[in-house]
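Student: upload06.txt is reproduced below (compact mmCIF, C-alpha atoms).
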# COMPACT_ATOMS: atom_id res chain seq x y z
CA MET W 262 148.89 84.22 72.73
CA ASP W 263 151.11 87.15 71.81
CA LYS W 264 150.33 90.44 73.54
CA ASP W 265 152.07 92.60 70.94
CA ILE W 266 149.97 91.14 68.20
CA LEU W 267 146.78 91.81 70.14
CA ILE W 268 147.81 95.46 70.50
CA GLU W 269 148.73 95.64 66.84
CA TYR W 270 145.41 94.19 65.69
CA PHE W 271 143.27 96.15 68.12
CA PRO W 272 142.75 99.29 65.95
CA LEU W 273 141.71 97.13 62.98
CA TYR W 274 139.01 95.49 65.05
CA LYS W 275 137.94 98.84 66.49
CA ASP W 276 137.32 100.22 62.98
CA ALA W 277 135.50 97.05 62.06
CA LEU W 278 133.32 97.34 65.16
CA PHE W 279 132.30 100.87 64.19
CA LEU W 280 131.42 99.76 60.67
CA THR W 281 129.42 96.82 62.04
CA LEU W 282 127.57 99.10 64.43
CA LYS W 283 126.95 101.72 61.75
CA ILE W 284 125.43 99.29 59.28
CA GLY W 285 123.75 97.40 62.09
CA TRP W 286 121.93 100.40 63.48
CA GLN W 287 120.93 101.75 60.09
CA GLY W 288 119.57 98.34 59.21
CA ILE W 289 117.75 98.05 62.53
CA ILE W 290 116.13 101.46 62.11
CA LEU W 291 114.98 100.45 58.64
CA ALA W 292 113.66 97.19 60.10
CA PHE W 293 111.83 99.16 62.78
CA VAL W 294 110.16 101.42 60.21
CA ILE W 295 109.17 98.47 58.02
CA GLY W 296 107.91 96.69 61.14
CA LEU W 297 105.70 99.62 62.20
CA ILE W 298 104.20 100.15 58.74
CA GLY W 299 103.78 96.44 58.05
CA SER W 300 102.14 95.63 61.37
CA ALA W 301 99.77 98.59 61.00
CA ILE W 302 98.77 97.30 57.55
CA ILE W 303 98.08 93.84 58.94
CA HIS W 304 96.35 95.22 62.01
CA PHE W 305 93.93 97.35 59.96
CA LYS W 306 93.47 94.58 57.37
CA THR W 307 94.17 96.91 54.44
CA PRO W 308 92.87 94.82 51.51
CA VAL W 309 95.63 94.42 48.88
CA LEU W 310 98.57 95.63 50.94
CA LYS W 311 97.88 92.97 53.57
CA ARG W 312 98.52 90.25 50.98
CA ILE W 313 101.75 91.89 49.85
CA VAL W 314 103.03 92.22 53.41
CA GLY W 315 102.13 88.57 54.03
CA ILE W 316 104.12 87.43 51.00
CA TYR W 317 107.04 89.65 52.02
CA ILE W 318 107.11 88.17 55.53
CA GLU W 319 107.04 84.58 54.26
CA LEU W 320 109.71 85.25 51.62
CA PHE W 321 112.18 86.87 53.97
CA ARG W 322 111.57 84.70 57.01
CA ASN W 323 112.11 81.52 55.01
CA THR W 324 115.40 82.36 53.30
CA PRO W 325 118.84 82.93 54.82
CA LEU W 326 120.26 86.45 55.00
CA LEU W 327 123.31 85.19 53.13
CA VAL W 328 121.17 84.28 50.12
CA GLN W 329 119.26 87.56 50.33
CA LEU W 330 122.51 89.54 50.36
CA PHE W 331 123.93 87.57 47.42
CA PHE W 332 120.76 88.28 45.50
CA ILE W 333 120.80 92.01 46.26
CA TYR W 334 124.53 92.42 45.77
CA PHE W 335 125.36 90.13 42.84
CA ALA W 336 122.07 89.60 41.04
CA LEU W 337 120.35 92.99 41.06
CA PRO W 338 123.20 94.81 39.22
CA LYS W 339 122.54 92.48 36.27
CA VAL W 340 119.11 94.06 35.83
CA GLY W 341 120.54 97.56 36.20
CA ILE W 342 120.17 98.17 39.94
CA GLN W 343 123.64 99.14 41.18
CA ILE W 344 124.16 99.59 44.91
CA THR W 345 127.23 99.83 47.10
CA ALA W 346 128.14 97.08 49.55
CA GLN W 347 127.15 99.25 52.52
CA THR W 348 123.71 100.10 51.14
CA CYS W 349 123.28 96.45 50.31
CA GLY W 350 124.11 95.50 53.91
CA VAL W 351 121.66 98.03 55.34
CA LEU W 352 118.97 97.01 52.87
CA GLY W 353 119.45 93.28 53.46
CA LEU W 354 119.44 93.63 57.24
CA GLY W 355 116.48 96.01 57.13
CA LEU W 356 114.39 93.74 54.92
CA LEU W 357 115.17 90.63 56.97
CA GLY W 358 114.67 92.45 60.26
CA GLY W 359 111.48 94.08 59.00
CA ALA W 360 109.90 90.68 58.47
CA TYR W 361 110.70 89.72 62.07
CA MET W 362 109.74 93.12 63.52
CA ILE W 363 106.29 93.00 61.87
CA GLU W 364 105.56 89.74 63.68
CA THR W 365 106.81 91.16 67.00
CA PHE W 366 104.77 94.36 66.71
CA ARG W 367 101.73 92.48 65.51
CA SER W 368 101.72 90.23 68.56
CA GLY W 369 102.15 93.37 70.68
CA LEU W 370 99.16 95.01 68.96
CA GLU W 371 97.10 91.87 69.46
CA ALA W 372 97.94 91.84 73.16
CA VAL W 373 96.26 95.23 73.70
CA PRO W 374 92.64 94.51 74.74
CA VAL W 375 89.96 95.44 72.18
CA ILE W 376 88.19 97.56 74.78
CA GLN W 377 91.05 100.06 74.57
CA THR W 378 90.35 100.66 70.88
CA GLU W 379 86.62 100.81 71.42
CA SER W 380 86.92 103.26 74.29
CA ALA W 381 89.22 105.52 72.32
CA LEU W 382 86.90 105.46 69.31
CA SER W 383 83.86 106.19 71.48
CA LEU W 384 85.70 109.24 72.85
CA GLY W 385 85.70 110.55 69.30
CA MET W 386 89.33 109.84 68.39
CA SER W 387 90.08 109.07 64.77
CA ASP W 388 91.56 105.72 63.71
CA PHE W 389 95.00 107.24 63.49
CA GLN W 390 94.76 109.04 66.84
CA THR W 391 93.61 105.81 68.50
CA LEU W 392 96.60 103.97 67.09
CA TRP W 393 99.13 106.68 67.83
CA HIS W 394 98.06 107.81 71.30
CA VAL W 395 96.41 104.74 72.78
CA ILE W 396 97.35 101.47 71.11
CA LEU W 397 100.96 101.95 70.00
CA PRO W 398 102.40 103.05 73.37
CA GLN W 399 100.93 99.97 75.02
CA ALA W 400 101.82 97.63 72.17
CA ILE W 401 105.43 98.81 72.03
CA SER W 402 105.99 98.40 75.76
CA ILE W 403 104.65 94.85 75.50
CA SER W 404 106.90 94.04 72.55
CA VAL W 405 110.10 95.55 74.01
CA PRO W 406 111.64 92.18 74.99
CA GLY W 407 110.86 90.83 71.53
CA ILE W 408 112.35 93.92 69.90
CA LEU W 409 115.57 93.59 71.89
CA ALA W 410 115.80 89.90 70.99
CA ASN W 411 115.45 90.92 67.35
CA VAL W 412 118.15 93.58 67.76
CA ILE W 413 120.59 90.98 69.12
CA PHE W 414 119.63 88.58 66.35
CA LEU W 415 120.19 91.25 63.68
CA LEU W 416 123.52 92.41 65.09
CA LYS W 417 124.62 88.77 65.12
CA GLU W 418 123.53 88.39 61.52
CA THR W 419 125.84 91.24 60.49
CA SER W 420 128.64 88.66 60.57
CA VAL W 421 127.34 87.57 57.17
CA PHE W 422 128.33 90.92 55.64
CA SER W 423 131.91 89.74 55.30
CA THR W 424 130.77 87.71 52.27
CA ILE W 425 130.03 90.88 50.29
CA SER W 426 133.43 92.35 51.20
CA LEU W 427 132.31 94.73 53.94
CA MET W 428 135.17 95.15 56.40
CA ASP W 429 133.21 94.08 59.45
CA LEU W 430 134.52 92.12 62.45
CA MET W 431 134.19 88.77 60.74
CA PHE W 432 135.93 90.02 57.59
CA THR W 433 138.81 91.45 59.62
CA ALA W 434 139.31 88.19 61.47
CA LYS W 435 139.14 86.13 58.30
CA ASP W 436 141.55 88.47 56.57
CA LEU W 437 144.10 88.45 59.39
CA ILE W 438 143.96 84.66 59.70
CA GLY W 439 144.47 84.37 55.97
CA MET W 440 147.37 86.81 55.79
CA TYR W 441 149.37 86.25 58.96
CA ALA W 442 148.03 82.95 60.29
CA LYS W 443 147.79 84.37 63.82
CA THR W 444 144.64 82.32 64.24
CA ILE W 445 144.32 82.35 68.03
CA GLU W 446 144.91 86.06 68.50
CA SER W 447 142.52 86.95 65.67
CA LEU W 448 139.76 84.71 66.96
CA PHE W 449 140.26 85.89 70.54
CA LEU W 450 139.80 89.53 69.54
CA LEU W 451 136.80 88.57 67.41
CA VAL W 452 135.07 86.96 70.38
CA VAL W 453 135.96 89.85 72.69
CA PHE W 454 134.55 92.43 70.29
CA TYR W 455 131.30 90.55 69.75
CA LEU W 456 130.95 90.24 73.54
CA VAL W 457 131.53 93.96 74.01
CA MET W 458 128.92 94.73 71.38
CA LEU W 459 126.20 92.28 72.38
CA LEU W 460 126.54 91.46 76.08
CA PRO W 461 125.24 94.89 77.26
CA ILE W 462 122.18 94.61 75.00
CA SER W 463 121.53 91.10 76.24
CA ILE W 464 121.73 92.21 79.89
CA ILE W 465 119.47 95.21 79.27
CA GLY W 466 117.09 92.85 77.52
CA ALA W 467 116.94 90.55 80.55
CA ILE W 468 116.27 93.49 82.91
CA VAL W 469 113.61 95.01 80.66
CA GLU W 470 111.89 91.67 80.27
CA ARG W 471 111.66 91.27 84.03
CA ARG W 472 110.19 94.77 84.38
CA VAL W 473 107.61 94.22 81.65
CA ARG W 474 106.58 90.97 83.28
CA TYR W 475 106.45 92.70 86.66
CA GLY W 476 104.12 95.27 85.11
CA GLN W 477 101.85 92.52 83.82
CA PHE W 478 101.58 90.77 87.16
CA GLY W 479 101.05 94.10 88.88
CA ASP W 480 97.49 94.71 87.68
CA MET F 8 118.60 92.33 29.55
CA ALA F 9 117.07 89.57 27.47
CA ASN F 10 119.32 86.87 28.83
CA LEU F 11 118.95 86.61 32.60
CA GLY F 12 120.72 83.31 32.92
CA ILE F 13 117.81 80.96 33.48
CA ASP F 14 119.03 78.94 30.45
CA VAL F 15 122.39 78.39 32.17
CA LEU F 16 120.62 76.22 34.72
CA PHE F 17 119.52 73.78 32.06
CA LYS F 18 122.97 73.36 30.57
CA GLY F 19 124.42 69.97 31.39
CA THR F 20 123.80 68.91 34.98
CA ASN F 21 123.80 72.40 36.44
CA PHE F 22 120.38 72.24 38.05
CA LEU F 23 121.07 68.80 39.49
CA ARG F 24 124.30 70.12 40.97
CA LEU F 25 122.43 72.98 42.63
CA LEU F 26 120.02 70.51 44.19
CA GLN F 27 122.91 68.37 45.38
CA GLY F 28 124.42 71.48 46.94
CA LEU F 29 121.17 72.20 48.72
CA TRP F 30 121.06 68.62 49.95
CA VAL F 31 124.46 69.10 51.61
CA SER F 32 122.98 71.89 53.76
CA ILE F 33 119.85 69.93 54.48
CA GLU F 34 121.82 66.84 55.44
CA ILE F 35 124.00 68.77 57.88
CA SER F 36 120.96 70.44 59.40
CA LEU F 37 119.03 67.21 59.79
CA ILE F 38 121.91 65.49 61.58
CA ALA F 39 122.37 68.54 63.80
CA VAL F 40 118.64 68.80 64.54
CA VAL F 41 118.36 65.15 65.58
CA LEU F 42 121.39 65.49 67.87
CA SER F 43 120.08 68.82 69.23
CA ILE F 44 116.69 67.38 70.08
CA ILE F 45 118.19 64.48 72.00
CA LEU F 46 120.76 66.60 73.83
CA GLY F 47 118.25 69.44 74.23
CA LEU F 48 115.87 67.20 76.18
CA VAL F 49 118.68 66.37 78.60
CA VAL F 50 119.87 69.98 78.90
CA GLY F 51 116.31 71.24 79.35
CA MET F 52 115.72 68.72 82.10
CA LEU F 53 118.98 69.68 83.81
CA MET F 54 117.94 73.33 83.69
CA THR F 55 114.84 72.63 85.75
CA LEU F 56 116.83 70.98 88.54
CA ASN F 57 117.67 73.25 91.43
CA ASN F 58 121.40 72.79 91.42
CA PRO F 59 123.07 76.23 91.63
CA PHE F 60 126.38 75.07 90.14
CA LEU F 61 124.68 73.38 87.18
CA LYS F 62 122.40 76.38 86.73
CA ALA F 63 125.33 78.78 86.52
CA ILE F 64 127.14 76.67 83.92
CA LEU F 65 124.05 76.26 81.78
CA LYS F 66 123.31 79.97 82.01
CA VAL F 67 126.77 80.82 80.69
CA TYR F 68 126.32 78.24 77.94
CA LEU F 69 122.98 79.73 76.86
CA GLU F 70 124.39 83.24 76.96
CA ILE F 71 127.34 82.26 74.76
CA VAL F 72 125.00 80.77 72.19
CA ARG F 73 122.69 83.76 72.36
CA ILE F 74 125.46 86.28 71.79
CA MET F 75 128.02 84.65 69.52
CA PRO F 76 127.18 84.62 65.83
CA GLN F 77 127.16 81.07 64.50
CA MET F 78 129.84 82.04 62.02
CA VAL F 79 132.21 82.98 64.85
CA LEU F 80 131.58 79.58 66.45
CA LEU F 81 132.27 77.90 63.11
CA PHE F 82 135.58 79.74 62.82
CA ILE F 83 136.53 78.87 66.40
CA VAL F 84 135.93 75.18 65.85
CA TYR F 85 137.27 74.92 62.33
CA PHE F 86 140.31 77.20 62.58
CA GLY F 87 140.75 77.79 66.32
CA THR F 88 140.51 74.40 67.97
CA THR F 89 142.43 72.69 65.21
CA ARG F 90 145.24 75.15 65.82
CA VAL F 91 145.22 74.92 69.60
CA PHE F 92 144.79 71.17 69.98
CA GLY F 93 146.41 70.15 66.74
CA TRP F 94 143.64 67.77 65.77
CA ASP F 95 142.06 67.39 62.40
CA VAL F 96 138.37 68.16 62.05
CA SER F 97 136.74 68.12 58.64
CA ALA F 98 134.59 71.09 57.67
CA GLU F 99 131.45 68.94 57.77
CA ALA F 100 132.24 67.64 61.24
CA SER F 101 132.88 71.13 62.60
CA ALA F 102 129.63 72.35 61.04
CA ILE F 103 127.71 69.55 62.75
CA ILE F 104 129.48 70.25 66.06
CA VAL F 105 128.67 73.96 65.91
CA PHE F 106 125.06 73.59 64.83
CA THR F 107 124.46 70.91 67.45
CA PHE F 108 126.02 73.16 70.08
CA TRP F 109 123.69 75.95 68.99
CA GLY F 110 120.61 73.79 68.52
CA THR F 111 121.02 72.07 71.88
CA ALA F 112 120.89 75.43 73.64
CA GLU F 113 117.81 76.53 71.67
CA MET F 114 116.10 73.21 72.21
CA GLY F 115 117.11 73.09 75.86
CA ASP F 116 115.52 76.47 76.45
CA LEU F 117 112.30 75.35 74.76
CA VAL F 118 112.24 72.12 76.79
CA ARG F 119 112.81 74.08 79.98
CA GLY F 120 109.95 76.42 79.10
CA SER F 121 107.52 73.62 78.46
CA ILE F 122 108.54 71.64 81.56
CA LYS F 123 108.00 74.80 83.62
CA SER F 124 104.53 75.16 82.15
CA ILE F 125 103.48 71.78 83.60
CA PRO F 126 101.69 72.28 86.94
CA VAL F 127 103.76 71.34 90.00
CA ILE F 128 100.98 69.05 91.12
CA GLN F 129 101.91 66.63 88.33
CA PHE F 130 105.41 66.19 89.81
CA GLU F 131 104.08 65.94 93.34
CA SER F 132 101.43 63.37 92.43
CA ALA F 133 104.02 61.26 90.62
CA TRP F 134 106.35 61.32 93.62
CA ALA F 135 103.47 60.59 95.94
CA LEU F 136 102.80 57.49 93.85
CA GLY F 137 106.36 56.39 94.47
CA LEU F 138 107.88 57.11 91.03
CA ASN F 139 111.48 58.25 91.13
CA LYS F 140 112.78 61.35 89.34
CA MET F 141 113.72 59.53 86.15
CA GLN F 142 110.37 57.79 85.96
CA THR F 143 108.51 61.01 86.67
CA TYR F 144 110.19 62.73 83.73
CA PHE F 145 109.84 59.82 81.33
CA TYR F 146 106.31 58.68 82.09
CA ILE F 147 104.61 61.86 83.30
CA ILE F 148 106.37 65.02 82.18
CA PHE F 149 107.85 64.36 78.73
CA PRO F 150 104.65 62.93 77.24
CA GLN F 151 102.84 66.10 78.24
CA THR F 152 105.50 68.44 76.85
CA ILE F 153 105.74 66.70 73.50
CA ARG F 154 102.69 68.36 72.00
CA ARG F 155 104.16 71.74 72.70
CA LEU F 156 107.63 70.73 71.62
CA ILE F 157 106.91 69.19 68.22
CA PRO F 158 105.91 72.44 66.45
CA LEU F 159 108.86 74.23 68.06
CA SER F 160 111.32 71.53 66.98
CA ILE F 161 109.96 71.66 63.43
CA ASN F 162 110.59 75.39 63.50
CA LEU F 163 114.14 74.67 64.63
CA ILE F 164 114.63 72.61 61.44
CA THR F 165 113.89 75.60 59.19
CA ARG F 166 116.15 77.84 61.24
CA MET F 167 118.85 75.20 61.06
CA ILE F 168 118.54 74.91 57.27
CA LYS F 169 118.75 78.69 56.93
CA THR F 170 121.78 78.92 59.19
CA THR F 171 123.66 76.11 57.50
CA SER F 172 124.09 78.36 54.45
CA LEU F 173 127.02 79.74 56.49
CA VAL F 174 129.07 76.58 55.93
CA LEU F 175 130.05 78.19 52.65
CA MET F 176 132.54 80.19 54.71
CA ILE F 177 134.50 77.16 55.89
CA GLY F 178 134.80 75.73 52.43
CA ILE F 179 131.94 73.26 52.20
CA VAL F 180 130.55 73.13 48.68
CA GLU F 181 126.86 73.83 49.24
CA VAL F 182 124.23 75.46 47.07
CA LEU F 183 125.66 79.00 47.08
CA LYS F 184 129.14 77.74 46.24
CA VAL F 185 127.75 75.67 43.38
CA ALA F 186 125.84 78.75 42.21
CA GLN F 187 129.06 80.76 42.18
CA GLN F 188 130.83 78.02 40.27
CA ILE F 189 128.09 77.88 37.65
CA ILE F 190 128.15 81.66 37.25
CA GLU F 191 131.93 81.72 36.91
CA ALA F 192 131.97 78.89 34.39
CA ASN F 193 129.46 80.68 32.17
CA ARG F 194 130.92 84.16 32.55
CA ASN F 195 131.53 84.59 28.81
CA SER F 196 128.52 82.89 27.30
CA SER F 197 125.96 84.50 29.60
CA PRO F 198 127.35 87.37 31.68
CA ASN F 199 124.00 88.00 33.38
CA ALA F 200 123.73 84.49 34.78
CA ALA F 201 124.12 85.80 38.34
CA PHE F 202 120.56 87.08 38.33
CA GLY F 203 118.87 83.88 37.26
CA VAL F 204 121.04 81.57 39.31
CA PHE F 205 120.81 83.50 42.58
CA ALA F 206 117.07 84.03 42.08
CA VAL F 207 116.69 80.27 41.75
CA VAL F 208 118.78 79.66 44.88
CA PHE F 209 116.59 82.16 46.74
CA LEU F 210 113.47 80.31 45.59
CA LEU F 211 114.96 76.88 46.39
CA TYR F 212 115.53 77.88 50.00
CA PHE F 213 112.01 79.26 50.13
CA ILE F 214 110.51 76.10 48.66
CA VAL F 215 112.32 73.99 51.26
CA CYS F 216 111.68 76.15 54.34
CA TRP F 217 108.20 77.48 53.69
CA PRO F 218 106.25 74.20 53.87
CA ILE F 219 108.13 73.19 57.02
CA SER F 220 107.36 76.46 58.79
CA ARG F 221 103.71 76.28 57.63
CA LEU F 222 103.50 72.80 59.13
CA ALA F 223 104.89 74.10 62.42
CA THR F 224 102.34 76.95 62.52
CA TYR F 225 99.53 74.56 61.64
CA LEU F 226 100.44 72.09 64.38
CA GLU F 227 100.88 74.89 66.89
CA LYS F 228 97.37 76.20 66.19
CA ARG F 229 95.80 72.76 66.13
CA TRP F 230 97.30 71.46 69.33
CA GLU F 231 96.76 74.59 71.35
Mind converting the file's structure to structure tokens?
Tutor:
Amino acid sequence: MDKDILIEYFPLYKDALFLTLKIGWQGIILAFVIGLIGSAIIHFKTPVLKRIVGIYIELFRNTPLLVQLFFIYFALPKVGIQITAQTCGVLGLGLLGGAYMIETFRSGLEAVPVIQTESALSLGMSDFQTLWHVILPQAISISVPGILANVIFLLKETSVFSTISLMDLMFTAKDLIGMYAKTIESLFLLVVFYLVMLLPISIIGAIVERRVRYGQFGD
Amino acid sequence: MANLGIDVLFKGTNFLRLLQGLWVSIEISLIAVVLSIILGLVVGMLMTLNNPFLKAILKVYLEIVRIMPQMVLLFIVYFGTTRVFGWDVSAEASAIIVFTFWGTAEMGDLVRGSIKSIPVIQFESAWALGLNKMQTYFYIIFPQTIRRLIPLSINLITRMIKTTSLVLMIGIVEVLKVAQQIIEANRNSSPNAAFGVFAVVFLLYFIVCWPISRLATYLEKRWE
């Protein structure tokens, strides 16, 4: 391994990391929002919307992100919907993540005992107040480990973005290997950067999971 | 607008070629799943043993699989190891290696979870009856974990099929590559073919994965 080459490539990977993180977080926030809305719809059994959310979950959980991205990026422009590669990345990640987040939140909502809802309603709170002040805080703390697992999964999935020409970590590595054939250095930096991005989240996830479990055994 | 490229699929053997491409992914995932289940049982069993050295190694292994995107692993095996060791691995072989590596970790973790869920008394009773460790696992523990494991392994198949779409990146001609070829070949006659073809690929994946994941959910509910 050549040290000079590592130093030379480092800035390229740094830029790529920032792009990955930028799209990653935007996509994750979108996934979070979709997850909250979708799980609320399923939780309250809203008649027609419930069906639509169900179809959405099945469609996006049973197809690869790569195919979803290809569809959004290459197929939609043919029917007049033009979007940039970055928006496409955020949208694809958000839609895929949303389908997973709904399931995570829903199992969190189900884990909150029914008596909590009943008590809140009998205190005269409205449906929305019950959800917002009583159910959601409990449900979210239960689903935190699941959410973090989803975050890691989604950040990992960003590696697929290289196929729609976003200059993310994977794209940079592929490009450098193709141009200069410094395979080992390129791959080494790729691994290091993914570790730097994901190892902290994974460790936090493990700690949080232990705490949540501790809380459950505590009562 | 009128021509969205569905007709392109029925030209010549285009649709058949798409299906063949899909089969390439499915074949790779099936081989990898079978290997993962076998190796996963062993790894899962090893994880429940109280050997600190083994535990540390397996923990690092699981963490690597959890953190590294499968595409990075594919690149390491296909471009990296061939460069370092100078051997010659075909794209298909490296795909199977990577997906088995990944699947074994996933499966191992599931096996560990379900072995842990078996009451300790089952182990103790078996030992009290004079069975050795191997016999305990084979006759007492595994049969009890299988009900829990079957739905989870079926789920692993769908995840495997979805992930194998990545092999496109190391040059295996699978369904997306075929789709691109069809679109390119018909660029002049039907410029909007991308819509129809990619929509069909999307649906094909759904048609393959959906029934499998429904089956897993059904079995999970039924055997609870």
Student: Skipping near chain neighbours, those fewer than 6 positions away, what residues fall within 8 Å of range 418-428 of chain W using only C-alpha atoms, listed as a PyMOL selection string?
Tutor: (chain W and resi 277+280-281+285+326-327+330-331+334+346-347+350+354) or (chain F and resi 76+78-79+173)
Student: Please provide the set of residues having any atom within 12 Å of Tyr317 in chain W, restricted to all atoms listed in the file, with same-chain residues fewer than 3 positions apart removed, written as a ChimeraX atom specification.
Tutor: /W:295-296,299,310-314,320-324,356-361,363-364 /F:213
Student: Compare F:Glu191, F:Glu99, F:Glu70, F:Asp116 by their minimum atom-to-atom distance to chain W, counting all atoms listed in the file, and give me the closest one.
Tutor: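 Of all the options, F:Glu70 lies closest to chain W.
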Student: May I have a table of the residues of chain W lying at most 8 Å from chain F, giving each one's closest pair of atoms and their distance in Å to one decimal, counting only C-alpha atoms, ordered by chain and ascending residue number, as a Markdown table?
Tutor:
| residue | atom | partner | partner_atom | distance |
| --- | --- | --- | --- | --- |
| W:Glu319 | CA | F:Trp217 | CA | 7.2 |
| W:Leu320 | CA | F:Phe213 | CA | 6.6 |
| W:Asn323 | CA | F:Phe213 | CA | 5.4 |
| W:Thr324 | CA | F:Tyr212 | CA | 5.6 |
| W:Pro325 | CA | F:Lys169 | CA | 4.7 |
| W:Leu327 | CA | F:Ser172 | CA | 7.0 |
| W:Val328 | CA | F:Phe209 | CA | 6.1 |
| W:Gln329 | CA | F:Phe209 | CA | 7.0 |
| W:Phe331 | CA | F:Phe205 | CA | 7.1 |
| W:Phe332 | CA | F:Phe205 | CA | 5.6 |
| W:Phe335 | CA | F:Ala201 | CA | 6.4 |
| W:Ala336 | CA | F:Phe202 | CA | 4.0 |
| W:Leu337 | CA | F:Phe202 | CA | 6.5 |
| W:Lys339 | CA | F:Asn199 | CA | 5.5 |
| W:Val340 | CA | F:Met8 | CA | 6.5 |
| W:Ile413 | CA | F:Ile74 | CA | 7.3 |
| W:Lys417 | CA | F:Pro76 | CA | 4.9 |
| W:Glu418 | CA | F:Pro76 | CA | 6.8 |
| W:Ser420 | CA | F:Pro76 | CA | 6.8 |
| W:Val421 | CA | F:Met78 | CA | 7.8 |
| W:Met431 | CA | F:Val79 | CA | 7.4 |
| W:Thr444 | CA | F:Gly87 | CA | 6.3 |
| W:Ile445 | CA | F:Gly87 | CA | 6.0 |
| W:Leu448 | CA | F:Ile83 | CA | 6.7 |
| W:Leu451 | CA | F:Val79 | CA | 7.7 |
| W:Val452 | CA | F:Val79 | CA | 7.4 |
| W:Tyr455 | CA | F:Met75 | CA | 6.8 |
| W:Leu456 | CA | F:Ile74 | CA | 7.0 |
| W:Leu459 | CA | F:Ile74 | CA | 6.1 |
| W:Leu460 | CA | F:Ile74 | CA | 6.8 |
| W:Ser463 | CA | F:Ile74 | CA | 7.6 |
Student: Tell me, as a list in words, which residues lie within 9 Å of range 404-408 of chain W, counting all atoms listed in the file; anything in the same chain fewer than 6 positions away does not count.
Tutor: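 Within the cut-off, the hits are Phe293, Met362, Thr365, Phe366, Arg367, Ser368, Gly369, Leu370, Gly466, Ala467, Val469, Glu470 and Val473 of chain W.
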Student: Hey, what's within 10 Å of Ile396 in chain W if we count only C-alpha atoms and toss same-chain stuff fewer than 4 positions away? As a short mmCIF file (atom, residue, chain, number, x, y, z; two decimals) with C-alpha atoms, keeping the file's coordinate frame, please?
Tutor:
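Saved the output as result.cif:
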data_model
loop_
_atom_site.label_atom_id
_atom_site.label_comp_id
_atom_site.auth_asym_id
_atom_site.auth_seq_id
_atom_site.Cartn_x
_atom_site.Cartn_y
_atom_site.Cartn_z
CA GLY W 369 102.15 93.37 70.68
CA LEU W 370 99.16 95.01 68.96
CA GLU W 371 97.10 91.87 69.46
CA ALA W 372 97.94 91.84 73.16
CA VAL W 373 96.26 95.23 73.70
CA PRO W 374 92.64 94.51 74.74
CA VAL W 375 89.96 95.44 72.18
CA GLN W 377 91.05 100.06 74.57
CA THR W 378 90.35 100.66 70.88
CA ALA W 381 89.22 105.52 72.32
CA PHE W 389 95.00 107.24 63.49
CA GLN W 390 94.76 109.04 66.84
CA THR W 391 93.61 105.81 68.50
CA LEU W 392 96.60 103.97 67.09
CA ALA W 400 101.82 97.63 72.17
CA ILE W 401 105.43 98.81 72.03
#
Student: Give me the residues within 12 Å of Val127 in chain F as a list in words, counting only C-alpha atoms and dropping any in the same chain fewer than 4 places off.
Tutor: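 With the cut-off at 12 Å, the set is Thr55, Ile122, Lys123, Glu131, Ser132, Ala133, Trp134, Thr143, Ile147 and Ile148 of chain F.
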Student: One decimal, Å: what's the distance from CA of Glu379 in chain W over to CA of Pro398 in chain W, could you say?
Tutor: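 Value for the CA of Glu379 in chain W-CA of Pro398 in chain W distance: 16.1 Å.
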Student: If I wrap all listed atoms of range 155-171 of chain F in a box with edges along x, y and z and add 8 Å on each side, what are its centre and edge lengths in Å to one decimal, as lines of an AutoDock Vina configuration file?
Tutor:
center_x = 113.9
center_y = 74.1
center_z = 64.8
size_x = 35.5
size_y = 25.7
size_z = 31.8
Student: One number please: CA of Ile189 in chain F to CA of Asn21 in chain F, in Å, one decimal.
Tutor: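 CA of Ile189 in chain F sits 7.1 Å away from CA of Asn21 in chain F.
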Student: My list of candidates is W:Ile333, W:Asp265, W:Arg471, W:Leu282. Which is closest to Gly353 in chain W when distances are computed with all atoms listed in the file?
Tutor: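 Of the candidates, the smallest distance to Gly353 in chain W is held by W:Ile333.
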Student: Can you tell me how far CA of Leu409 in chain W sits from CA of Ile462 in chain W, in Å to one decimal?
Tutor: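 Taking CA of Leu409 in chain W and CA of Ile462 in chain W, their separation equals 7.4 Å.
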Student: Let me make sure I understand: among F:Leu16, F:Ile161, F:Val31, F:Met54, which one has the smallest atom-to-atom distance to Val67 in chain F if we use only C-alpha atoms?
Tutor: F:Met54
Student: Please identify all polymer residues lying at most 9 Å from the point (122.4, 69.7, 59.6) (file coordinates), using only C-alpha atoms, and present the result as number ranges by chain.
Tutor: F: 31-41, 102-103, 106-107, 164, 167-168, 171
